[in-house]
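So this one's start_28.cif, mmCIF, C-alpha atoms:
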```cif
data_target
#
loop_
_atom_site.label_atom_id
_atom_site.label_comp_id
_atom_site.auth_asym_id
_atom_site.auth_seq_id
_atom_site.Cartn_x
_atom_site.Cartn_y
_atom_site.Cartn_z
CA MET E 296 16.85 -4.95 16.67
CA ASN E 297 14.34 -2.66 14.95
CA LYS E 298 11.49 -4.32 13.04
CA LEU E 299 9.23 -2.60 10.54
CA VAL E 300 6.28 -4.66 9.32
CA LEU E 301 4.58 -3.59 6.09
CA LEU E 302 1.15 -5.08 5.46
CA ARG E 303 -0.86 -4.60 2.32
CA HIS E 304 -4.55 -4.57 3.22
CA GLY E 305 -6.60 -7.72 2.77
CA GLU E 306 -8.36 -8.30 -0.53
CA SER E 307 -10.87 -5.52 -1.23
CA VAL E 308 -14.16 -5.89 -3.07
CA TRP E 309 -12.58 -4.16 -6.07
CA ASN E 310 -9.48 -6.38 -5.91
CA LYS E 311 -11.91 -9.27 -6.16
CA ALA E 312 -13.65 -7.62 -9.14
CA ASN E 313 -10.22 -6.82 -10.71
CA ARG E 314 -10.96 -3.09 -10.82
CA PHE E 315 -8.54 -0.18 -10.55
CA THR E 316 -9.17 1.25 -7.09
CA GLY E 317 -6.67 3.98 -6.25
CA TRP E 318 -8.14 6.64 -3.93
CA THR E 319 -11.67 5.26 -4.27
CA ASP E 320 -12.77 4.10 -0.83
CA VAL E 321 -13.96 0.49 -0.87
CA GLY E 322 -14.22 -2.15 1.82
CA LEU E 323 -12.71 -5.57 2.32
CA SER E 324 -14.12 -8.69 0.71
CA GLU E 325 -14.92 -11.72 2.88
CA LYS E 326 -11.56 -13.15 1.83
CA GLY E 327 -9.90 -9.85 2.76
CA VAL E 328 -11.32 -10.02 6.28
CA ILE E 329 -9.96 -13.55 6.66
CA GLU E 330 -6.55 -12.45 5.33
CA ALA E 331 -6.37 -9.63 7.88
CA ILE E 332 -7.31 -11.91 10.77
CA GLU E 333 -4.76 -14.50 9.66
CA ALA E 334 -2.08 -11.80 9.42
CA GLY E 335 -2.84 -10.84 13.01
CA LYS E 336 -2.48 -14.45 14.14
CA VAL E 337 0.83 -14.81 12.33
CA LEU E 338 2.27 -11.63 13.79
CA LYS E 339 1.18 -12.66 17.28
CA GLU E 340 2.81 -16.09 16.80
CA GLN E 341 6.01 -14.31 15.77
CA GLY E 342 6.05 -12.59 19.16
CA LEU E 343 5.73 -9.07 17.75
CA LYS E 344 4.40 -6.47 20.17
CA PHE E 345 3.82 -3.17 18.42
CA LYS E 346 3.52 0.04 20.40
CA ILE E 347 2.48 2.19 17.46
CA ALA E 348 0.91 1.70 14.02
CA TYR E 349 0.30 3.68 10.86
CA THR E 350 -2.28 3.46 8.12
CA SER E 351 -3.82 5.47 5.28
CA TYR E 352 -7.11 7.38 5.11
CA GLN E 353 -8.71 4.49 3.22
CA THR E 354 -11.18 2.05 4.75
CA ARG E 355 -9.63 -1.17 3.42
CA ALA E 356 -6.29 -0.40 5.09
CA ILE E 357 -7.87 0.92 8.29
CA LYS E 358 -10.15 -2.12 8.65
CA THR E 359 -7.23 -4.46 8.01
CA LEU E 360 -5.28 -2.76 10.78
CA TRP E 361 -8.24 -2.98 13.18
CA LEU E 362 -8.59 -6.71 12.57
CA VAL E 363 -4.86 -7.32 12.99
CA LEU E 364 -4.65 -5.35 16.23
CA GLU E 365 -7.77 -7.03 17.58
CA GLU E 366 -6.25 -10.44 16.90
CA MET E 367 -3.04 -9.35 18.65
CA ASP E 368 -4.83 -7.81 21.66
CA LEU E 369 -3.29 -4.47 20.70
CA MET E 370 -6.30 -2.33 19.87
CA TRP E 371 -5.21 0.12 22.56
CA ILE E 372 -1.99 1.26 20.86
CA PRO E 373 -1.80 4.67 19.11
CA VAL E 374 -2.70 4.61 15.41
CA TYR E 375 -1.71 7.45 13.08
CA LYS E 376 -3.32 8.01 9.69
CA SER E 377 -1.88 9.88 6.72
CA TRP E 378 -3.00 10.51 3.16
CA ARG E 379 0.64 9.95 2.23
CA LEU E 380 0.06 6.23 2.81
CA ASN E 381 -2.88 6.18 0.38
CA GLU E 382 -2.80 4.01 -2.71
CA LYS E 383 -1.54 5.43 -6.01
CA HIS E 384 -4.26 7.50 -7.68
CA TYR E 385 -5.29 5.80 -10.92
CA GLY E 386 -7.03 8.80 -12.44
CA MET E 387 -9.70 8.00 -15.04
CA LEU E 388 -9.06 4.27 -14.62
CA GLN E 389 -10.54 4.19 -11.12
CA GLY E 390 -13.51 1.83 -10.99
CA LEU E 391 -12.76 0.27 -14.38
CA ASN E 392 -11.99 -3.42 -14.95
CA LYS E 393 -8.34 -4.15 -15.72
CA ILE E 394 -9.02 -6.85 -18.31
CA GLU E 395 -11.60 -4.70 -20.10
CA MET E 396 -9.12 -1.83 -20.26
CA ALA E 397 -6.48 -4.18 -21.67
CA GLU E 398 -8.94 -5.33 -24.33
CA LYS E 399 -9.74 -1.72 -25.21
CA TYR E 400 -6.27 -0.15 -25.08
CA GLY E 401 -3.95 -3.16 -25.32
CA ASP E 402 -1.81 -4.95 -22.75
CA LYS E 403 1.19 -2.70 -23.37
CA GLN E 404 -0.66 0.57 -22.70
CA VAL E 405 -2.39 -0.71 -19.57
CA LEU E 406 0.90 -2.11 -18.31
CA LEU E 407 2.42 1.36 -18.73
CA TRP E 408 -0.41 2.90 -16.71
CA ARG E 409 -0.12 0.24 -14.01
CA ARG E 410 3.61 -0.21 -13.77
CA SER E 411 5.52 2.57 -15.53
CA TYR E 412 7.62 4.46 -12.99
CA ASP E 413 6.88 7.95 -14.29
CA ILE E 414 3.91 7.68 -16.71
CA PRO E 415 0.61 8.27 -14.88
CA PRO E 416 -2.83 7.13 -16.12
CA PRO E 417 -5.10 9.77 -17.73
CA PRO E 418 -6.15 12.26 -15.01
CA LEU E 419 -9.60 12.89 -13.64
CA ASP E 420 -11.18 16.24 -14.40
CA LYS E 421 -10.93 18.38 -11.27
CA ASN E 422 -14.74 18.54 -11.15
CA ASP E 423 -15.19 14.79 -11.57
CA LYS E 424 -17.28 13.45 -8.68
CA ARG E 425 -14.55 10.85 -8.10
CA SER E 426 -12.01 13.56 -7.27
CA PRO E 427 -10.70 13.44 -3.68
CA ARG E 428 -11.39 17.17 -3.39
CA PHE E 429 -15.04 16.28 -2.76
CA ASP E 430 -14.16 13.88 0.06
CA PRO E 431 -14.26 15.46 3.56
CA ARG E 432 -11.27 13.45 4.76
CA TYR E 433 -9.05 15.49 2.41
CA GLU E 434 -10.54 18.93 3.05
CA GLU E 435 -7.38 20.15 4.80
CA LEU E 436 -5.13 19.31 1.85
CA SER E 437 -4.13 21.90 -0.71
CA ASP E 438 -5.01 21.52 -4.37
CA ALA E 439 -1.36 20.69 -5.02
CA GLN E 440 -1.52 17.80 -2.57
CA ILE E 441 -4.70 16.26 -3.97
CA PRO E 442 -3.87 14.14 -7.03
CA LEU E 443 -6.06 13.64 -10.07
CA THR E 444 -3.71 10.88 -11.20
CA GLU E 445 -0.28 9.61 -10.10
CA SER E 446 2.73 7.68 -11.27
CA LEU E 447 4.74 5.54 -8.87
CA LYS E 448 7.40 8.26 -8.95
CA GLU E 449 4.90 10.72 -7.50
CA VAL E 450 3.86 8.21 -4.83
CA VAL E 451 7.53 7.86 -3.85
CA GLU E 452 7.83 11.65 -3.65
CA ARG E 453 4.91 11.94 -1.21
CA MET E 454 5.76 8.81 0.77
CA VAL E 455 9.51 9.13 1.43
CA PRO E 456 9.19 12.37 3.48
CA TYR E 457 6.65 10.61 5.72
CA TRP E 458 9.10 7.76 6.24
CA LYS E 459 11.93 10.13 7.08
CA ASN E 460 9.99 12.56 9.28
CA GLU E 461 7.58 10.23 11.04
CA ILE E 462 7.80 6.43 10.67
CA SER E 463 11.58 6.06 10.91
CA LYS E 464 11.67 8.15 14.08
CA SER E 465 8.94 6.02 15.64
CA LEU E 466 10.86 2.91 14.70
CA LEU E 467 13.99 4.11 16.51
CA LYS E 468 11.90 4.99 19.56
CA HIS E 469 9.58 1.99 19.76
CA LYS E 470 11.66 -0.72 18.00
CA GLN E 471 8.62 -2.32 16.36
CA VAL E 472 6.24 -0.51 13.99
CA LEU E 473 3.33 -1.79 11.90
CA VAL E 474 2.21 -0.06 8.69
CA SER E 475 -1.07 -1.13 7.07
CA ALA E 476 -1.35 0.43 3.63
CA HIS E 477 -1.53 -0.33 -0.09
CA GLY E 478 0.38 -2.03 -2.88
CA ASN E 479 1.92 1.10 -4.36
CA SER E 480 2.44 3.19 -1.23
CA LEU E 481 4.26 0.22 0.28
CA ARG E 482 6.24 -0.34 -2.92
CA ALA E 483 7.34 3.29 -2.63
CA VAL E 484 8.71 2.54 0.86
CA VAL E 485 10.37 -0.66 -0.36
CA LYS E 486 12.04 1.13 -3.26
CA TYR E 487 13.56 3.66 -0.89
CA LEU E 488 14.59 1.21 1.84
CA LYS E 489 16.17 -1.28 -0.58
CA ASN E 490 17.50 1.35 -2.97
CA MET E 491 15.81 -0.42 -5.86
CA GLY E 492 16.17 0.82 -9.40
CA GLU E 493 13.13 1.89 -11.40
CA GLU E 494 12.98 -1.32 -13.42
CA GLU E 495 13.43 -3.53 -10.37
CA ILE E 496 10.60 -1.98 -8.36
CA LEU E 497 8.22 -2.18 -11.33
CA LYS E 498 8.53 -5.98 -11.26
CA PHE E 499 8.07 -6.22 -7.50
CA ASN E 500 4.59 -7.04 -6.22
CA ILE E 501 3.24 -7.21 -2.67
CA PRO E 502 0.42 -9.74 -2.03
CA THR E 503 -2.58 -8.79 0.10
CA GLY E 504 -2.51 -9.79 3.75
CA ILE E 505 1.07 -11.13 3.84
CA PRO E 506 3.31 -9.47 6.48
CA TYR E 507 6.57 -8.12 5.05
CA VAL E 508 9.28 -7.62 7.69
CA PHE E 509 12.30 -5.30 7.56
CA GLU E 510 15.00 -5.64 10.21
CA PHE E 511 17.37 -2.73 10.91
CA ASP E 512 20.31 -2.05 13.21
CA ASP E 513 20.28 0.91 15.59
CA ASN E 514 21.39 3.24 12.79
CA LEU E 515 18.53 2.03 10.59
CA ASN E 516 20.85 0.20 8.25
CA LEU E 517 18.82 -2.54 6.61
CA LEU E 518 19.92 -6.01 7.76
CA LYS E 519 17.37 -8.20 6.01
CA ASP E 520 13.81 -8.29 4.73
CA TYR E 521 11.40 -11.19 4.28
CA PHE E 522 7.75 -12.14 3.90
CA ILE E 523 6.23 -14.30 6.62
CA GLY E 524 4.69 -17.30 4.90
CA ASP E 525 5.30 -20.12 2.44
CA GLU E 526 7.87 -18.93 -0.09
CA GLU E 527 6.41 -20.76 -3.09
CA GLU E 528 2.87 -19.66 -2.30
CA ILE E 529 4.01 -16.03 -2.04
CA LYS E 530 5.73 -16.29 -5.45
CA ILE E 531 2.47 -17.52 -6.96
CA LEU E 532 0.53 -14.64 -5.38
CA MET E 533 3.07 -12.12 -6.71
CA GLN E 534 2.73 -13.54 -10.23
CA GLN E 535 -1.05 -13.37 -10.01
CA ILE E 536 -0.79 -9.64 -9.28
CA ALA E 537 1.54 -9.17 -12.26
CA ASN E 538 -1.02 -10.90 -14.53
CA GLN E 539 -4.11 -8.98 -13.37
CA ALA E 540 -4.35 -6.78 -16.47
CA LYS E 541 -3.39 -9.29 -19.13
CA LYS E 542 -6.04 -10.21 -21.67
#
```
Show how you would write the structure in this file as structure tokens.
Amino acid sequence: MNKLVLLRHGESVWNKANRFTGWTDVGLSEKGVIEAIEAGKVLKEQGLKFKIAYTSYQTRAIKTLWLVLEEMDLMWIPVYKSWRLNEKHYGMLQGLNKIEMAEKYGDKQVLLWRRSYDIPPPPLDKNDKRSPRFDPRYEELSDAQIPLTESLKEVVERMVPYWKNEISKSLLKHKQVLVSAHGNSLRAVVKYLKNMGEEEILKFNIPTGIPYVFEFDDNLNLLKDYFIGDEEEIKILMQQIANQAKK
């Protein structure tokens, strides 16, 4: 049995403030730290023993992974980071409050920017100080690889090759793999693994700090997937995410 565990980072300070975050690097809130620690406890109780883990270049996902591995006594395992696991880039919306944007542009427009499959938010100017090109962690990327905005479609396009070339191979080798990343980069993986349609994935939300398990056979055929936690509570958390930008 091969088990892939996807974990959206714990609540960040900008999640708490209901701001678009994207590639902006922010830390965990106090609640986010607790969520990460609890996720580690849950995974340990489930008897999972990862030999390898993956995360993005962003602090909130990295810190979540650290806290989980510390709780599981697994801080010694190899951890690989990739920009391909970064959150969707929200362009000019980054740092702005979701409700305020809905009041300014309307619920429908903000919903398109948040959840449309192929319509990205307005892009940053390439010389905007918020551009990743000014961040040293991305200095080895080409201009074509550094986004100024992204749609979910573009996140899928950068994420799926990483699944095929890296994570899936590790899963076959090690049998259990943990990925700590972000709502949209993980939704990109989910869309591919479950062969979801564009409309279906747009309505699918991943709560912070809740482990999401995929079980595969030895040919990586998906057998089942499930969140670890109270089913009704998880439904409520998913709906809260869907309502974040409603006036």
Considering all atoms listed in the file, tabulate each residue of stretch 426-493 of chain E that lies at most 10 Å from stretch 386-410 of chain E along with its nearest interatomic pair and the corresponding distance in Å to one decimal; arrange the rows by chain and ascending residue number and present them as CSV.
```
residue,atom,partner,partner_atom,distance
E:Ser426,CA,E:Gly386,CA,8.6
E:Pro442,CA,E:Gly386,CA,8.2
E:Leu443,CA,E:Gly386,CA,5.5
E:Thr444,CA,E:Gly386,CA,4.1
E:Glu445,CA,E:Gly386,CA,7.2
E:Ser446,CA,E:Trp408,CA,7.9
E:Leu447,CA,E:Arg410,CA,7.6
E:Asn479,CA,E:Arg410,CA,9.6
```
Leaving out E:Tyr521 and any residue of its chain fewer than 4 positions from it, which residues lie within 9 Å of it when counting all atoms listed in the file, given as a PyMOL selection string?
-> chain E and resi 506-510
Please write as a ChimeraX atom specification the full residue list that the PyMOL selection byres ((chain E and resi 467) around 12) yields on this file.
-> /E:296-299,346-347,458-466,468-472,510-516
Please write the residues from the selection above to a file, keeping C-alpha atoms, as a PDB file, keeping the file's coordinate frame.
```
ATOM      1  CA  MET E 296      16.850  -4.950  16.670  1.00  0.00           C
ATOM      2  CA  ASN E 297      14.340  -2.660  14.950  1.00  0.00           C
ATOM      3  CA  LYS E 298      11.490  -4.320  13.040  1.00  0.00           C
ATOM      4  CA  LEU E 299       9.230  -2.600  10.540  1.00  0.00           C
ATOM      5  CA  LYS E 346       3.520   0.040  20.400  1.00  0.00           C
ATOM      6  CA  ILE E 347       2.480   2.190  17.460  1.00  0.00           C
ATOM      7  CA  TRP E 458       9.100   7.760   6.240  1.00  0.00           C
ATOM      8  CA  LYS E 459      11.930  10.130   7.080  1.00  0.00           C
ATOM      9  CA  ASN E 460       9.990  12.560   9.280  1.00  0.00           C
ATOM     10  CA  GLU E 461       7.580  10.230  11.040  1.00  0.00           C
ATOM     11  CA  ILE E 462       7.800   6.430  10.670  1.00  0.00           C
ATOM     12  CA  SER E 463      11.580   6.060  10.910  1.00  0.00           C
ATOM     13  CA  LYS E 464      11.670   8.150  14.080  1.00  0.00           C
ATOM     14  CA  SER E 465       8.940   6.020  15.640  1.00  0.00           C
ATOM     15  CA  LEU E 466      10.860   2.910  14.700  1.00  0.00           C
ATOM     16  CA  LYS E 468      11.900   4.990  19.560  1.00  0.00           C
ATOM     17  CA  HIS E 469       9.580   1.990  19.760  1.00  0.00           C
ATOM     18  CA  LYS E 470      11.660  -0.720  18.000  1.00  0.00           C
ATOM     19  CA  GLN E 471       8.620  -2.320  16.360  1.00  0.00           C
ATOM     20  CA  VAL E 472       6.240  -0.510  13.990  1.00  0.00           C
ATOM     21  CA  GLU E 510      15.000  -5.640  10.210  1.00  0.00           C
ATOM     22  CA  PHE E 511      17.370  -2.730  10.910  1.00  0.00           C
ATOM     23  CA  ASP E 512      20.310  -2.050  13.210  1.00  0.00           C
ATOM     24  CA  ASP E 513      20.280   0.910  15.590  1.00  0.00           C
ATOM     25  CA  ASN E 514      21.390   3.240  12.790  1.00  0.00           C
ATOM     26  CA  LEU E 515      18.530   2.030  10.590  1.00  0.00           C
ATOM     27  CA  ASN E 516      20.850   0.200   8.250  1.00  0.00           C
TER      28      ASN E 516
END
```
Can you list, as a list in words, every protein, DNA or RNA residue that comes within 12 Å of E:Leu369 when you count only C-alpha atoms, leaving out same-chain residues fewer than 3 positions away?
-> Gly335, Lys336, Leu338, Lys339, Leu343, Lys344, Phe345, Lys346, Ile347, Ala348, Leu360, Trp361, Leu362, Val363, Leu364, Glu365, Glu366, Ile372, Pro373, Val374 and Leu473 of chain E
Keeping C-alpha atoms for every residue in the selection just given, could you write it to a file as a PDB file, keeping the file's coordinate frame?
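To be explicit, this is the file written out as again_31.pdb:
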```
ATOM      1  CA  GLY E 335      -2.840 -10.840  13.010  1.00  0.00           C
ATOM      2  CA  LYS E 336      -2.480 -14.450  14.140  1.00  0.00           C
ATOM      3  CA  LEU E 338       2.270 -11.630  13.790  1.00  0.00           C
ATOM      4  CA  LYS E 339       1.180 -12.660  17.280  1.00  0.00           C
ATOM      5  CA  LEU E 343       5.730  -9.070  17.750  1.00  0.00           C
ATOM      6  CA  LYS E 344       4.400  -6.470  20.170  1.00  0.00           C
ATOM      7  CA  PHE E 345       3.820  -3.170  18.420  1.00  0.00           C
ATOM      8  CA  LYS E 346       3.520   0.040  20.400  1.00  0.00           C
ATOM      9  CA  ILE E 347       2.480   2.190  17.460  1.00  0.00           C
ATOM     10  CA  ALA E 348       0.910   1.700  14.020  1.00  0.00           C
ATOM     11  CA  LEU E 360      -5.280  -2.760  10.780  1.00  0.00           C
ATOM     12  CA  TRP E 361      -8.240  -2.980  13.180  1.00  0.00           C
ATOM     13  CA  LEU E 362      -8.590  -6.710  12.570  1.00  0.00           C
ATOM     14  CA  VAL E 363      -4.860  -7.320  12.990  1.00  0.00           C
ATOM     15  CA  LEU E 364      -4.650  -5.350  16.230  1.00  0.00           C
ATOM     16  CA  GLU E 365      -7.770  -7.030  17.580  1.00  0.00           C
ATOM     17  CA  GLU E 366      -6.250 -10.440  16.900  1.00  0.00           C
ATOM     18  CA  ILE E 372      -1.990   1.260  20.860  1.00  0.00           C
ATOM     19  CA  PRO E 373      -1.800   4.670  19.110  1.00  0.00           C
ATOM     20  CA  VAL E 374      -2.700   4.610  15.410  1.00  0.00           C
ATOM     21  CA  LEU E 473       3.330  -1.790  11.900  1.00  0.00           C
TER      22      LEU E 473
END
```
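The residues returned by the PyMOL selection byres ((chain E and resi 353) around 10) on the shown structure are His304, Gly317, Trp318, Thr319, Asp320, Val321, Gly322, Thr350, Ser351, Tyr352, Thr354, Arg355, Ala356, Ile357, Lys358, Lys376, Ser377, Trp378, Leu380, Asn381, Glu382, Arg432, Ala476 and His477 of chain E.
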E:Thr503, E:Met370, E:Pro418, E:Leu481: which is nearest E:Ser324, counting all atoms listed in the file?
->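 Smallest distance to E:Ser324 is found for E:Thr503.
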Selected residue of minimal separation from E:Gly524 among E:Val455, E:Gly504, E:Arg482, E:Gly492, counting all atoms listed in the file =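 Once distances to E:Gly524 are computed over all atoms listed in the file, the minimum belongs to E:Gly504.
Within the file as shown, the PyMOL selection byres ((chain E and resi 302) around 6) identifies Leu301, Arg303, Ser475 and Pro506 of chain E.
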